[in-house]
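Student: My file is target.json. It has JSON, C-alpha atoms:
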```
[["chain", "number", "residue", "atom", "x", "y", "z"],
["E", 1, "MET", "CA", 232.63, 110.14, -33.27],
["E", 2, "GLY", "CA", 229.35, 111.73, -32.39],
["E", 3, "GLU", "CA", 226.52, 110.97, -30.02],
["E", 4, "GLY", "CA", 224.70, 107.68, -29.57],
["E", 5, "ARG", "CA", 221.21, 107.09, -30.87],
["E", 6, "VAL", "CA", 217.97, 105.60, -29.62],
["E", 7, "ILE", "CA", 215.92, 102.95, -31.44],
["E", 8, "THR", "CA", 212.22, 102.83, -30.60],
["E", 9, "GLY", "CA", 209.30, 100.75, -31.78],
["E", 10, "VAL", "CA", 206.59, 98.28, -30.85],
["E", 11, "LEU", "CA", 207.12, 94.56, -30.30],
["E", 12, "GLU", "CA", 205.17, 91.64, -31.63],
["E", 13, "GLY", "CA", 204.31, 89.21, -28.87],
["E", 14, "GLY", "CA", 204.92, 85.49, -28.40],
["E", 15, "GLN", "CA", 208.72, 85.41, -28.83],
["E", 16, "ARG", "CA", 211.70, 85.60, -26.54],
["E", 17, "LEU", "CA", 212.42, 89.23, -25.75],
["E", 18, "ASP", "CA", 215.94, 89.22, -27.26],
["E", 19, "LYS", "CA", 214.67, 87.70, -30.51],
["E", 20, "ALA", "CA", 211.73, 90.09, -30.76],
["E", 21, "LEU", "CA", 213.97, 93.10, -30.09],
["E", 22, "ALA", "CA", 216.53, 91.93, -32.63],
["E", 23, "GLU", "CA", 213.89, 91.55, -35.33],
["E", 24, "ALA", "CA", 212.31, 94.90, -34.53],
["E", 25, "SER", "CA", 215.57, 96.86, -34.28],
["E", 26, "GLY", "CA", 217.81, 95.20, -36.86],
["E", 27, "LEU", "CA", 220.48, 94.54, -34.23],
["E", 28, "SER", "CA", 221.93, 91.09, -33.60],
["E", 29, "ARG", "CA", 220.58, 89.05, -30.69],
["E", 30, "GLU", "CA", 224.01, 89.09, -29.04],
["E", 31, "ARG", "CA", 224.12, 92.88, -29.25],
["E", 32, "VAL", "CA", 220.61, 93.07, -27.79],
["E", 33, "LYS", "CA", 221.60, 90.78, -24.89],
["E", 34, "ALA", "CA", 224.64, 92.95, -24.14],
["E", 35, "LEU", "CA", 222.55, 96.13, -24.19],
["E", 36, "ILE", "CA", 219.98, 94.55, -21.85],
["E", 37, "ALA", "CA", 222.81, 93.63, -19.46],
["E", 38, "ASP", "CA", 224.06, 97.23, -19.61],
["E", 39, "GLY", "CA", 220.63, 98.61, -18.71],
["E", 40, "LYS", "CA", 220.12, 100.23, -22.10],
["E", 41, "VAL", "CA", 216.76, 98.59, -22.98],
["E", 42, "THR", "CA", 213.30, 99.48, -21.71],
["E", 43, "VAL", "CA", 210.08, 97.63, -22.55],
["E", 44, "ALA", "CA", 206.66, 99.05, -21.63],
["E", 45, "GLY", "CA", 208.41, 101.76, -19.60],
["E", 46, "SER", "CA", 210.51, 99.39, -17.46],
["E", 47, "LEU", "CA", 214.12, 98.30, -17.76],
["E", 48, "ALA", "CA", 214.41, 94.93, -19.47],
["E", 49, "ALA", "CA", 216.22, 92.37, -17.31],
["E", 50, "GLN", "CA", 215.82, 88.91, -18.85],
["E", 51, "PRO", "CA", 216.59, 88.30, -22.56],
["E", 52, "SER", "CA", 214.66, 85.01, -22.30],
["E", 53, "ALA", "CA", 211.44, 86.64, -21.04],
["E", 54, "LYS", "CA", 208.40, 86.47, -23.31],
["E", 55, "ALA", "CA", 207.72, 89.67, -25.22],
["E", 56, "ALA", "CA", 204.22, 91.00, -24.61],
["E", 57, "ALA", "CA", 202.35, 92.00, -27.76],
["E", 58, "ALA", "CA", 202.18, 95.70, -28.63],
["E", 59, "SER", "CA", 204.77, 96.64, -25.98],
["E", 60, "ALA", "CA", 206.67, 99.83, -26.76],
["E", 61, "PHE", "CA", 210.44, 99.47, -26.50],
["E", 62, "SER", "CA", 213.45, 101.76, -26.44],
["E", 63, "ILE", "CA", 217.08, 100.77, -27.02],
["E", 64, "GLU", "CA", 219.83, 103.27, -26.21],
["E", 65, "LEU", "CA", 222.89, 102.76, -28.39],
["E", 66, "PRO", "CA", 226.05, 104.30, -26.93],
["E", 67, "PRO", "CA", 228.29, 106.31, -29.30],
["E", 68, "PRO", "CA", 230.81, 104.13, -31.12],
["E", 69, "VAL", "CA", 234.35, 104.35, -29.81],
["E", 70, "GLU", "CA", 237.21, 104.36, -32.29],
["E", 71, "ALA", "CA", 240.27, 102.34, -31.43],
["E", 72, "ALA", "CA", 243.45, 104.39, -31.72],
["E", 73, "ALA", "CA", 245.61, 103.26, -34.63],
["E", 74, "ALA", "CA", 249.05, 101.92, -33.71],
["E", 75, "ALA", "CA", 252.31, 103.01, -35.33],
["E", 76, "GLN", "CA", 253.88, 100.26, -37.45],
["E", 77, "GLU", "CA", 257.14, 100.22, -39.35],
["E", 78, "ILE", "CA", 255.85, 99.63, -42.88],
["E", 79, "PRO", "CA", 257.76, 100.86, -45.97],
["E", 80, "LEU", "CA", 256.30, 103.93, -47.69],
["E", 81, "VAL", "CA", 257.00, 105.63, -51.01],
["E", 82, "VAL", "CA", 257.08, 109.31, -50.03],
["E", 83, "VAL", "CA", 256.70, 111.67, -52.99],
["E", 84, "TYR", "CA", 256.70, 114.92, -51.00],
["E", 85, "GLU", "CA", 256.77, 115.93, -47.34],
["E", 86, "ASP", "CA", 256.96, 119.07, -45.24],
["E", 87, "GLU", "CA", 255.82, 120.03, -41.75],
["E", 88, "HIS", "CA", 252.17, 120.35, -42.86],
["E", 89, "LEU", "CA", 251.49, 117.50, -45.28],
["E", 90, "ILE", "CA", 252.84, 114.37, -46.92],
["E", 91, "VAL", "CA", 252.13, 112.88, -50.35],
["E", 92, "VAL", "CA", 252.59, 109.12, -50.71],
["E", 93, "ASP", "CA", 252.37, 106.66, -53.58],
["E", 94, "LYS", "CA", 250.18, 103.88, -52.15],
["E", 95, "PRO", "CA", 250.63, 100.34, -53.45],
["E", 96, "ALA", "CA", 247.64, 98.24, -54.47],
["E", 97, "GLY", "CA", 246.52, 96.01, -51.61],
["E", 98, "MET", "CA", 247.11, 98.53, -48.82],
["E", 99, "VAL", "CA", 244.05, 99.78, -46.93],
["E", 100, "VAL", "CA", 244.12, 103.53, -46.19],
["E", 101, "HIS", "CA", 242.94, 103.46, -42.55],
["E", 102, "PRO", "CA", 241.99, 100.88, -39.91],
["E", 103, "ALA", "CA", 238.41, 99.60, -40.03],
["E", 104, "ALA", "CA", 236.51, 96.40, -39.36],
["E", 105, "GLY", "CA", 238.56, 93.52, -40.77],
["E", 106, "ASN", "CA", 241.67, 95.68, -41.20],
["E", 107, "ALA", "CA", 242.86, 96.67, -37.74],
["E", 108, "ASP", "CA", 246.48, 97.19, -38.77],
["E", 109, "GLY", "CA", 248.89, 97.09, -41.69],
["E", 110, "THR", "CA", 247.21, 100.18, -43.15],
["E", 111, "LEU", "CA", 248.61, 103.40, -44.57],
["E", 112, "VAL", "CA", 247.68, 105.19, -41.33],
["E", 113, "ASN", "CA", 249.67, 102.68, -39.28],
["E", 114, "ALA", "CA", 252.67, 103.27, -41.55],
["E", 115, "LEU", "CA", 252.29, 107.05, -41.42],
["E", 116, "LEU", "CA", 252.05, 107.12, -37.62],
["E", 117, "HIS", "CA", 255.49, 105.49, -37.52],
["E", 118, "HIS", "CA", 256.99, 107.56, -40.34],
["E", 119, "CYS", "CA", 255.67, 110.88, -39.01],
["E", 120, "ALA", "CA", 256.27, 109.96, -35.36],
["E", 121, "GLY", "CA", 252.59, 110.53, -34.61],
["E", 122, "GLN", "CA", 252.55, 114.04, -36.13],
["E", 123, "LEU", "CA", 249.29, 113.81, -38.08],
["E", 124, "SER", "CA", 246.20, 115.99, -38.05],
["E", 125, "GLY", "CA", 243.70, 114.97, -35.38],
["E", 126, "ILE", "CA", 240.62, 116.13, -37.26],
["E", 127, "GLY", "CA", 239.93, 112.70, -38.72],
["E", 128, "GLY", "CA", 239.80, 111.04, -35.28],
["E", 129, "VAL", "CA", 242.11, 108.53, -33.64],
["E", 130, "ALA", "CA", 241.50, 105.81, -36.25],
["E", 131, "ARG", "CA", 241.90, 108.14, -39.26],
["E", 132, "PRO", "CA", 244.49, 110.76, -38.30],
["E", 133, "GLY", "CA", 245.46, 112.98, -41.22],
["E", 134, "ILE", "CA", 243.13, 111.31, -43.71],
["E", 135, "VAL", "CA", 241.49, 113.88, -45.98],
["E", 136, "HIS", "CA", 240.59, 111.53, -48.86],
["E", 137, "ARG", "CA", 240.86, 107.86, -49.68],
["E", 138, "ILE", "CA", 241.47, 105.55, -52.59],
["E", 139, "ASP", "CA", 240.31, 101.94, -52.61],
["E", 140, "LYS", "CA", 242.46, 99.19, -51.12],
["E", 141, "ASP", "CA", 243.20, 97.71, -54.55],
["E", 142, "THR", "CA", 243.71, 101.05, -56.31],
["E", 143, "SER", "CA", 247.32, 102.23, -56.43],
["E", 144, "GLY", "CA", 248.66, 105.75, -56.59],
["E", 145, "LEU", "CA", 248.90, 109.20, -55.07],
["E", 146, "LEU", "CA", 247.33, 110.30, -51.81],
["E", 147, "VAL", "CA", 247.86, 113.47, -49.75],
["E", 148, "VAL", "CA", 247.70, 113.29, -45.95],
["E", 149, "ALA", "CA", 247.54, 116.22, -43.52],
["E", 150, "LYS", "CA", 250.13, 116.49, -40.75],
["E", 151, "SER", "CA", 248.67, 119.67, -39.24],
["E", 152, "ASP", "CA", 245.07, 120.71, -38.58],
["E", 153, "VAL", "CA", 245.45, 123.85, -40.69],
["E", 154, "ALA", "CA", 246.57, 121.71, -43.63],
["E", 155, "HIS", "CA", 243.68, 119.30, -43.07],
["E", 156, "GLU", "CA", 241.13, 122.11, -43.13],
["E", 157, "GLY", "CA", 242.65, 123.70, -46.24],
["E", 158, "LEU", "CA", 242.86, 120.43, -48.16],
["E", 159, "ALA", "CA", 239.34, 119.42, -47.13],
["E", 160, "LYS", "CA", 238.05, 122.71, -48.55],
["E", 161, "GLN", "CA", 239.72, 122.01, -51.91],
["E", 162, "PHE", "CA", 238.23, 118.52, -52.01],
["E", 163, "ALA", "CA", 234.82, 119.95, -51.15],
["E", 164, "ASP", "CA", 234.89, 122.54, -53.93],
["E", 165, "HIS", "CA", 236.54, 120.12, -56.41],
["E", 166, "SER", "CA", 239.41, 122.50, -57.14],
["E", 167, "LEU", "CA", 242.12, 119.84, -57.05],
["E", 168, "GLU", "CA", 243.52, 118.13, -60.14],
["E", 169, "ARG", "CA", 243.08, 114.37, -60.08],
["E", 170, "ALA", "CA", 243.68, 112.00, -62.95],
["E", 171, "TYR", "CA", 243.54, 108.21, -62.97],
["E", 172, "LEU", "CA", 244.97, 105.75, -65.48],
["E", 173, "ALA", "CA", 242.76, 102.73, -66.03],
["E", 174, "LEU", "CA", 242.62, 99.61, -68.18],
["E", 175, "CYS", "CA", 239.08, 98.92, -69.32],
["E", 176, "ASN", "CA", 237.23, 96.24, -71.24],
["E", 177, "GLY", "CA", 236.84, 96.97, -74.95],
["E", 178, "HIS", "CA", 237.35, 100.27, -76.76],
["E", 179, "PRO", "CA", 235.11, 103.16, -75.64],
["E", 180, "MET", "CA", 233.13, 104.79, -78.43],
["E", 181, "PRO", "CA", 233.44, 107.67, -78.73],
["E", 182, "PRO", "CA", 237.09, 107.34, -77.64],
["E", 183, "SER", "CA", 236.69, 110.29, -75.26],
["E", 184, "GLY", "CA", 233.71, 111.71, -73.45],
["E", 185, "THR", "CA", 232.07, 112.57, -70.15],
["E", 186, "VAL", "CA", 229.96, 110.43, -67.83],
["E", 187, "ASN", "CA", 227.65, 112.66, -65.81],
["E", 188, "GLU", "CA", 225.64, 110.23, -63.70],
["E", 189, "ARG", "CA", 224.52, 110.28, -60.08],
["E", 190, "VAL", "CA", 226.27, 107.66, -57.91],
["E", 191, "GLY", "CA", 224.90, 106.11, -54.71],
["E", 192, "ARG", "CA", 224.54, 102.88, -52.79],
["E", 193, "SER", "CA", 223.07, 100.00, -54.80],
["E", 194, "ASP", "CA", 219.66, 98.69, -53.70],
["E", 195, "ALA", "CA", 220.54, 95.20, -54.92],
["E", 196, "ASN", "CA", 223.92, 94.89, -53.17],
["E", 197, "ARG", "CA", 224.86, 97.16, -50.25],
["E", 198, "LYS", "CA", 228.57, 96.55, -50.88],
["E", 199, "LYS", "CA", 228.28, 98.13, -54.32],
["E", 200, "MET", "CA", 227.64, 101.61, -55.61],
["E", 201, "ALA", "CA", 225.44, 102.20, -58.65],
["E", 202, "VAL", "CA", 224.34, 104.82, -61.15],
["E", 203, "LEU", "CA", 221.05, 106.29, -59.92],
["E", 204, "PRO", "CA", 218.34, 108.25, -61.76],
["E", 205, "LYS", "CA", 219.17, 111.93, -62.11],
["E", 206, "ASP", "CA", 216.10, 112.90, -60.07],
["E", 207, "SER", "CA", 216.90, 110.45, -57.26],
["E", 208, "SER", "CA", 216.93, 111.85, -53.73],
["E", 209, "ARG", "CA", 219.78, 109.46, -52.91],
["E", 210, "GLY", "CA", 223.39, 109.44, -53.97],
["E", 211, "LYS", "CA", 225.52, 112.31, -55.20],
["E", 212, "HIS", "CA", 226.18, 114.16, -58.43],
["E", 213, "ALA", "CA", 229.31, 112.70, -60.11],
["E", 214, "VAL", "CA", 231.25, 113.66, -63.25],
["E", 215, "THR", "CA", 234.08, 111.72, -64.91],
["E", 216, "HIS", "CA", 235.88, 112.82, -68.09],
["E", 217, "TYR", "CA", 237.62, 109.98, -69.93],
["E", 218, "LYS", "CA", 240.06, 109.84, -72.85],
["E", 219, "THR", "CA", 241.46, 106.80, -74.66],
["E", 220, "LEU", "CA", 245.26, 106.84, -74.66],
["E", 221, "GLN", "CA", 246.03, 103.45, -76.20],
["E", 222, "LYS", "CA", 244.05, 100.59, -77.74],
["E", 223, "MET", "CA", 245.12, 97.02, -77.06],
["E", 224, "ASP", "CA", 243.62, 93.65, -77.94],
["E", 225, "GLY", "CA", 240.22, 93.60, -76.24],
["E", 226, "CYS", "CA", 240.98, 96.50, -73.89],
["E", 227, "ALA", "CA", 242.18, 100.08, -73.71],
["E", 228, "LEU", "CA", 244.31, 102.34, -71.55],
["E", 229, "ILE", "CA", 242.29, 105.41, -70.64],
["E", 230, "GLU", "CA", 242.78, 108.53, -68.59],
["E", 231, "CYS", "CA", 239.97, 109.58, -66.26],
["E", 232, "ARG", "CA", 239.80, 113.08, -64.83],
["E", 233, "LEU", "CA", 237.43, 113.63, -61.93],
["E", 234, "GLU", "CA", 235.33, 116.69, -61.26],
["E", 235, "THR", "CA", 233.91, 114.95, -58.19],
["E", 236, "GLY", "CA", 235.26, 112.29, -55.87],
["E", 237, "ARG", "CA", 232.54, 109.76, -55.08],
["E", 238, "THR", "CA", 233.07, 106.27, -53.72],
["E", 239, "HIS", "CA", 233.99, 103.89, -56.59],
["E", 240, "GLN", "CA", 233.21, 106.72, -59.06],
["E", 241, "VAL", "CA", 235.53, 105.68, -61.91],
["E", 242, "ARG", "CA", 234.64, 102.02, -61.51],
["E", 243, "VAL", "CA", 230.87, 102.64, -61.52],
["E", 244, "HIS", "CA", 230.89, 105.20, -64.33],
["E", 245, "LEU", "CA", 232.97, 103.08, -66.70],
["E", 246, "ALA", "CA", 230.90, 99.98, -65.98],
["E", 247, "SER", "CA", 227.76, 102.02, -66.71],
["E", 248, "ILE", "CA", 228.95, 102.71, -70.29],
["E", 249, "GLY", "CA", 229.89, 99.07, -70.88],
["E", 250, "HIS", "CA", 233.63, 99.38, -70.25],
["E", 251, "ALA", "CA", 234.25, 98.06, -66.75],
["E", 252, "LEU", "CA", 237.79, 98.05, -65.42],
["E", 253, "LEU", "CA", 239.86, 94.94, -66.02],
["E", 254, "GLY", "CA", 240.14, 92.81, -62.92],
["E", 255, "ASP", "CA", 237.33, 94.61, -61.11],
["E", 256, "PRO", "CA", 235.69, 91.99, -58.86],
["E", 257, "LEU", "CA", 232.58, 94.09, -58.15],
["E", 258, "TYR", "CA", 231.58, 95.86, -61.33],
["E", 259, "GLY", "CA", 232.66, 93.85, -64.32],
["E", 260, "ARG", "CA", 233.81, 90.63, -65.92],
["E", 261, "ALA", "CA", 236.64, 90.58, -68.43],
["E", 262, "ASN", "CA", 235.79, 89.82, -72.05],
["E", 263, "SER", "CA", 236.90, 86.56, -73.67],
["E", 264, "LYS", "CA", 240.00, 88.14, -75.27],
["E", 265, "VAL", "CA", 241.39, 89.50, -72.02],
["E", 266, "ARG", "CA", 240.24, 86.87, -69.50],
["E", 267, "PRO", "CA", 243.02, 84.34, -70.30],
["E", 268, "VAL", "CA", 245.66, 87.07, -69.91],
["E", 269, "LEU", "CA", 244.33, 88.10, -66.51],
["E", 270, "GLN", "CA", 244.37, 84.46, -65.40],
["E", 271, "GLN", "CA", 247.89, 83.93, -66.75],
["E", 272, "LEU", "CA", 249.22, 86.99, -64.92],
["E", 273, "GLY", "CA", 247.19, 86.41, -61.76],
["E", 274, "PHE", "CA", 245.79, 89.94, -62.07],
["E", 275, "LYS", "CA", 242.95, 90.14, -59.54],
["E", 276, "ARG", "CA", 242.46, 93.83, -58.77],
["E", 277, "GLN", "CA", 240.73, 96.68, -60.55],
["E", 278, "ALA", "CA", 243.25, 98.11, -63.04],
["E", 279, "LEU", "CA", 243.13, 101.64, -61.64],
["E", 280, "HIS", "CA", 245.99, 103.96, -60.69],
["E", 281, "ALA", "CA", 245.83, 107.48, -59.22],
["E", 282, "ALA", "CA", 248.47, 108.97, -61.51],
["E", 283, "VAL", "CA", 248.14, 112.75, -61.06],
["E", 284, "LEU", "CA", 247.42, 114.83, -57.97],
["E", 285, "GLY", "CA", 247.60, 118.62, -58.00],
["E", 286, "PHE", "CA", 246.51, 121.14, -55.38],
["E", 287, "VAL", "CA", 247.37, 124.46, -53.76],
["E", 288, "HIS", "CA", 249.44, 124.05, -50.60],
["E", 289, "PRO", "CA", 247.01, 125.02, -47.83],
["E", 290, "VAL", "CA", 249.67, 126.93, -45.86],
["E", 291, "THR", "CA", 252.23, 128.30, -48.36],
["E", 292, "SER", "CA", 249.77, 128.72, -51.27],
["E", 293, "ASP", "CA", 252.33, 127.11, -53.61],
["E", 294, "LYS", "CA", 250.87, 125.17, -56.53],
["E", 295, "LEU", "CA", 251.91, 121.53, -56.19],
["E", 296, "ARG", "CA", 251.52, 118.81, -58.81],
["E", 297, "PHE", "CA", 252.69, 115.22, -58.56],
["E", 298, "THR", "CA", 252.70, 112.31, -61.01],
["E", 299, "SER", "CA", 253.12, 108.58, -60.53],
["E", 300, "ASP", "CA", 254.11, 106.02, -63.17],
["E", 301, "LEU", "CA", 251.94, 102.99, -63.79],
["E", 302, "PRO", "CA", 252.80, 100.15, -61.40],
["E", 303, "PRO", "CA", 254.51, 97.03, -62.81],
["E", 304, "ASP", "CA", 251.36, 94.84, -62.79],
["E", 305, "MET", "CA", 249.45, 97.28, -65.03],
["E", 306, "LYS", "CA", 252.47, 97.75, -67.32],
["E", 307, "GLU", "CA", 252.71, 93.97, -67.68],
["E", 308, "LEU", "CA", 249.02, 93.80, -68.57],
["E", 309, "ILE", "CA", 249.54, 96.41, -71.29],
["E", 310, "ASP", "CA", 252.55, 94.51, -72.64],
["E", 311, "GLU", "CA", 250.58, 91.26, -72.82],
["E", 312, "THR", "CA", 247.55, 92.78, -74.57],
["E", 313, "GLY", "CA", 249.37, 95.31, -76.70],
["E", 314, "HIS", "CA", 250.53, 93.14, -79.58]]
```
Take the structure from the file and write it as structure tokens.
Tutor:
Amino acid sequence: MGEGRVITGVLEGGQRLDKALAEASGLSRERVKALIADGKVTVAGSLAAQPSAKAAAASAFSIELPPPVEAAAAAQEIPLVVVYEDEHLIVVDKPAGMVVHPAAGNADGTLVNALLHHCAGQLSGIGGVARPGIVHRIDKDTSGLLVVAKSDVAHEGLAKQFADHSLERAYLALCNGHPMPPSGTVNERVGRSDANRKKMAVLPKDSSRGKHAVTHYKTLQKMDGCALIECRLETGRTHQVRVHLASIGHALLGDPLYGRANSKVRPVLQQLGFKRQALHAAVLGFVHPVTSDKLRFTSDLPPDMKELIDETGH
């Protein structure tokens, strides 16, 4: 996962050493205590020994952070909808609610855990032990198509297509209101929000942060207070569709981060218990990285989104 890093700085005096180091470094006090115990902290050129010692003013400090270690994902027998599979790659139709790979708070029950069982461990190792085979991701509460690499050559070839945006990807989404014009393009830079680090946001075009992002949308059907739209991506940024649609005043229905349903749709969402962003990865097309065959897959809307259309379509 890469090398460790070193945090350096100067302490303010008058506090316990662990507290002063935590405030100066941004680490938790417990993490600081553990690093002191491991001999990873120096203050004024000497190894720190006592977290409770008083910090001397203007003392230079250095904290050595070891490289993070990924826990290997475990194989778990979890049902999968397999759309296509060969010796090099597998395409699955992920249900809403399934996390793609293990991470903090989701150690198991993920798509990777299911794939390790289904593929008997035969997944590309490029993504590391916690993310074997993973070339791209879709959000936990987004449903739809995902391609996973079983061999390293497939991983490299697919990663190149994602990097140069040569794949075909289309999402079906249910959004608040009726976009005007009914079709168009959102070309706005997307990056981490300053106000909420869990959210992404549209950034100024001249910003040094974030990444260029382009979403083409088209209205397919108008319902009462909402619309079914197709979104085609030129780029694949985190939360791209969700952020772009919210930025033009048409946030996805059910999206807990980027929008609130309008008064016409809110009662329907409550009645159906619909609590996820109404977003489905419906089309995935790419060139097979080994055979060079052109592959294209489609996935029907899941039942919860169909039910939402039925209830708002009269």
Student: Quick one: residues within 8 Å of Leu111 of chain E, all atoms listed in the file counted, chain neighbours fewer than 5 positions away excluded, as a ChimeraX atom specification?
Tutor: /E:94,98-101
Student: Between atom CA of Ala60 of chain E and atom CA of Leu11 of chain E, what distance in Å does the model show, to one decimal?
Tutor: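 Going from atom CA of Ala60 of chain E over to atom CA of Leu11 of chain E, I get 6.4 Å.
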Student: Which residue is closest to Leu308 of chain E? Choose from E:Ala34, E:Cys175, E:Ile7, E:Ala170 and count only C-alpha atoms.
Tutor: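 Checking each candidate against Leu308 of chain E, we get E:Cys175 as the closest.
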Student: Please provide as a list in words all residues within 10 Å of Ile229 of chain E, with the sequence filter that same-chain residues fewer than 2 positions apart are discarded (counting only C-alpha atoms).
Tutor: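 Everything that qualifies: Tyr171, Leu172, Ala173, Leu174, Cys175, His178, Pro179, Pro182, Ser183, Tyr217, Lys218, Thr219, Leu220, Gln221, Lys222, Cys226, Ala227, Cys231, Arg232 and Leu279 of chain E.
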Student: Padding 3 Å on every side, please: axis-aligned box over the listed atoms of segment 114-128 of chain E, centre and edge lengths to one decimal in Å, as JSON.
Tutor:
```
{"center_x": 248.4, "center_y": 109.7, "center_z": -38.1, "size_x": 23.2, "size_y": 18.9, "size_z": 12.9}
```
Student: Name all residues at most 10 Å from Gly127 of chain E (count only C-alpha atoms; drop same-chain ones fewer than 5 positions away) and give them as a VMD selection string.
Tutor: chain E and resid 1 132 to 135 149 152 155
Student: Counting only C-alpha atoms, figure out which residue out of E:Glu311, E:Glu77, E:Asp300, E:Asp293 gets nearest to Leu145 of chain E.
Tutor: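 Of the candidates, the smallest distance to Leu145 of chain E is held by E:Asp300.
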Student: What does the structure give for the distance between atom CA of Leu146 of chain E and atom CA of Phe162 of chain E, in Å to one decimal?
Tutor: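 Those two atoms sit 12.3 Å apart.
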Student: For Arg260 of chain E, list every protein, DNA or RNA residue within 10 Å, evaluated using all atoms listed in the file, and leave out those in the same chain fewer than 4 positions away; present the list as JSON, numbers by chain.
Tutor: {"E": [176, 246, 250, 251, 252, 253, 254, 255, 256, 265, 266]}
Student: Give as a count of residues only the set of residues within 7 Å of the point (252.8, 122.3, -39.9), where distances use the file's coordinates and all atoms listed in the file.
Tutor: 4
Student: Counting only C-alpha atoms, what is within 9 Å of Thr312 of chain E, bar same-chain residues fewer than 5 positions away, as a PDB file with C-alpha atoms, keeping the file's coordinate frame?
Tutor:
```
ATOM      1  CA  MET E 223     245.120  97.020 -77.060  1.00  0.00           C
ATOM      2  CA  ASP E 224     243.620  93.650 -77.940  1.00  0.00           C
ATOM      3  CA  GLY E 225     240.220  93.600 -76.240  1.00  0.00           C
ATOM      4  CA  CYS E 226     240.980  96.500 -73.890  1.00  0.00           C
ATOM      5  CA  LYS E 264     240.000  88.140 -75.270  1.00  0.00           C
ATOM      6  CA  VAL E 265     241.390  89.500 -72.020  1.00  0.00           C
ATOM      7  CA  VAL E 268     245.660  87.070 -69.910  1.00  0.00           C
ATOM      8  CA  GLU E 307     252.710  93.970 -67.680  1.00  0.00           C
TER       9      GLU E 307
END
```
Student: How would you write as a ChimeraX atom specification the residues that get within 12 Å of (212.2, 86.3, -21.3) in the file's frame, counting all atoms listed in the file?
Tutor: /E:13-21,33,36,43,48-56
Student: Taking into account only C-alpha atoms, which residue in the set E:Ala163, E:Val186, E:Val81, E:Ala75 is nearest to Val243 of chain E?
Tutor: E:Val186
Student: Any idea what the distance is between atom CA of Ala159 of chain E and atom CA of His136 of chain E?
Tutor: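 These atoms are spaced 8.2 Å apart.
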Student: So, counting all atoms listed in the file, which residue among E:His216, E:Gly177, E:Ser208, E:Asp310 is closest to Asn262 of chain E?
Tutor: E:Gly177
Student: Looking at all atoms listed in the file, which of E:Gly144, E:Ala44, E:Val283, E:Gln161 is the one that sits closest to Arg296 of chain E?
Tutor: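 Among the listed residues, the smallest separation from Arg296 of chain E belongs to E:Val283.
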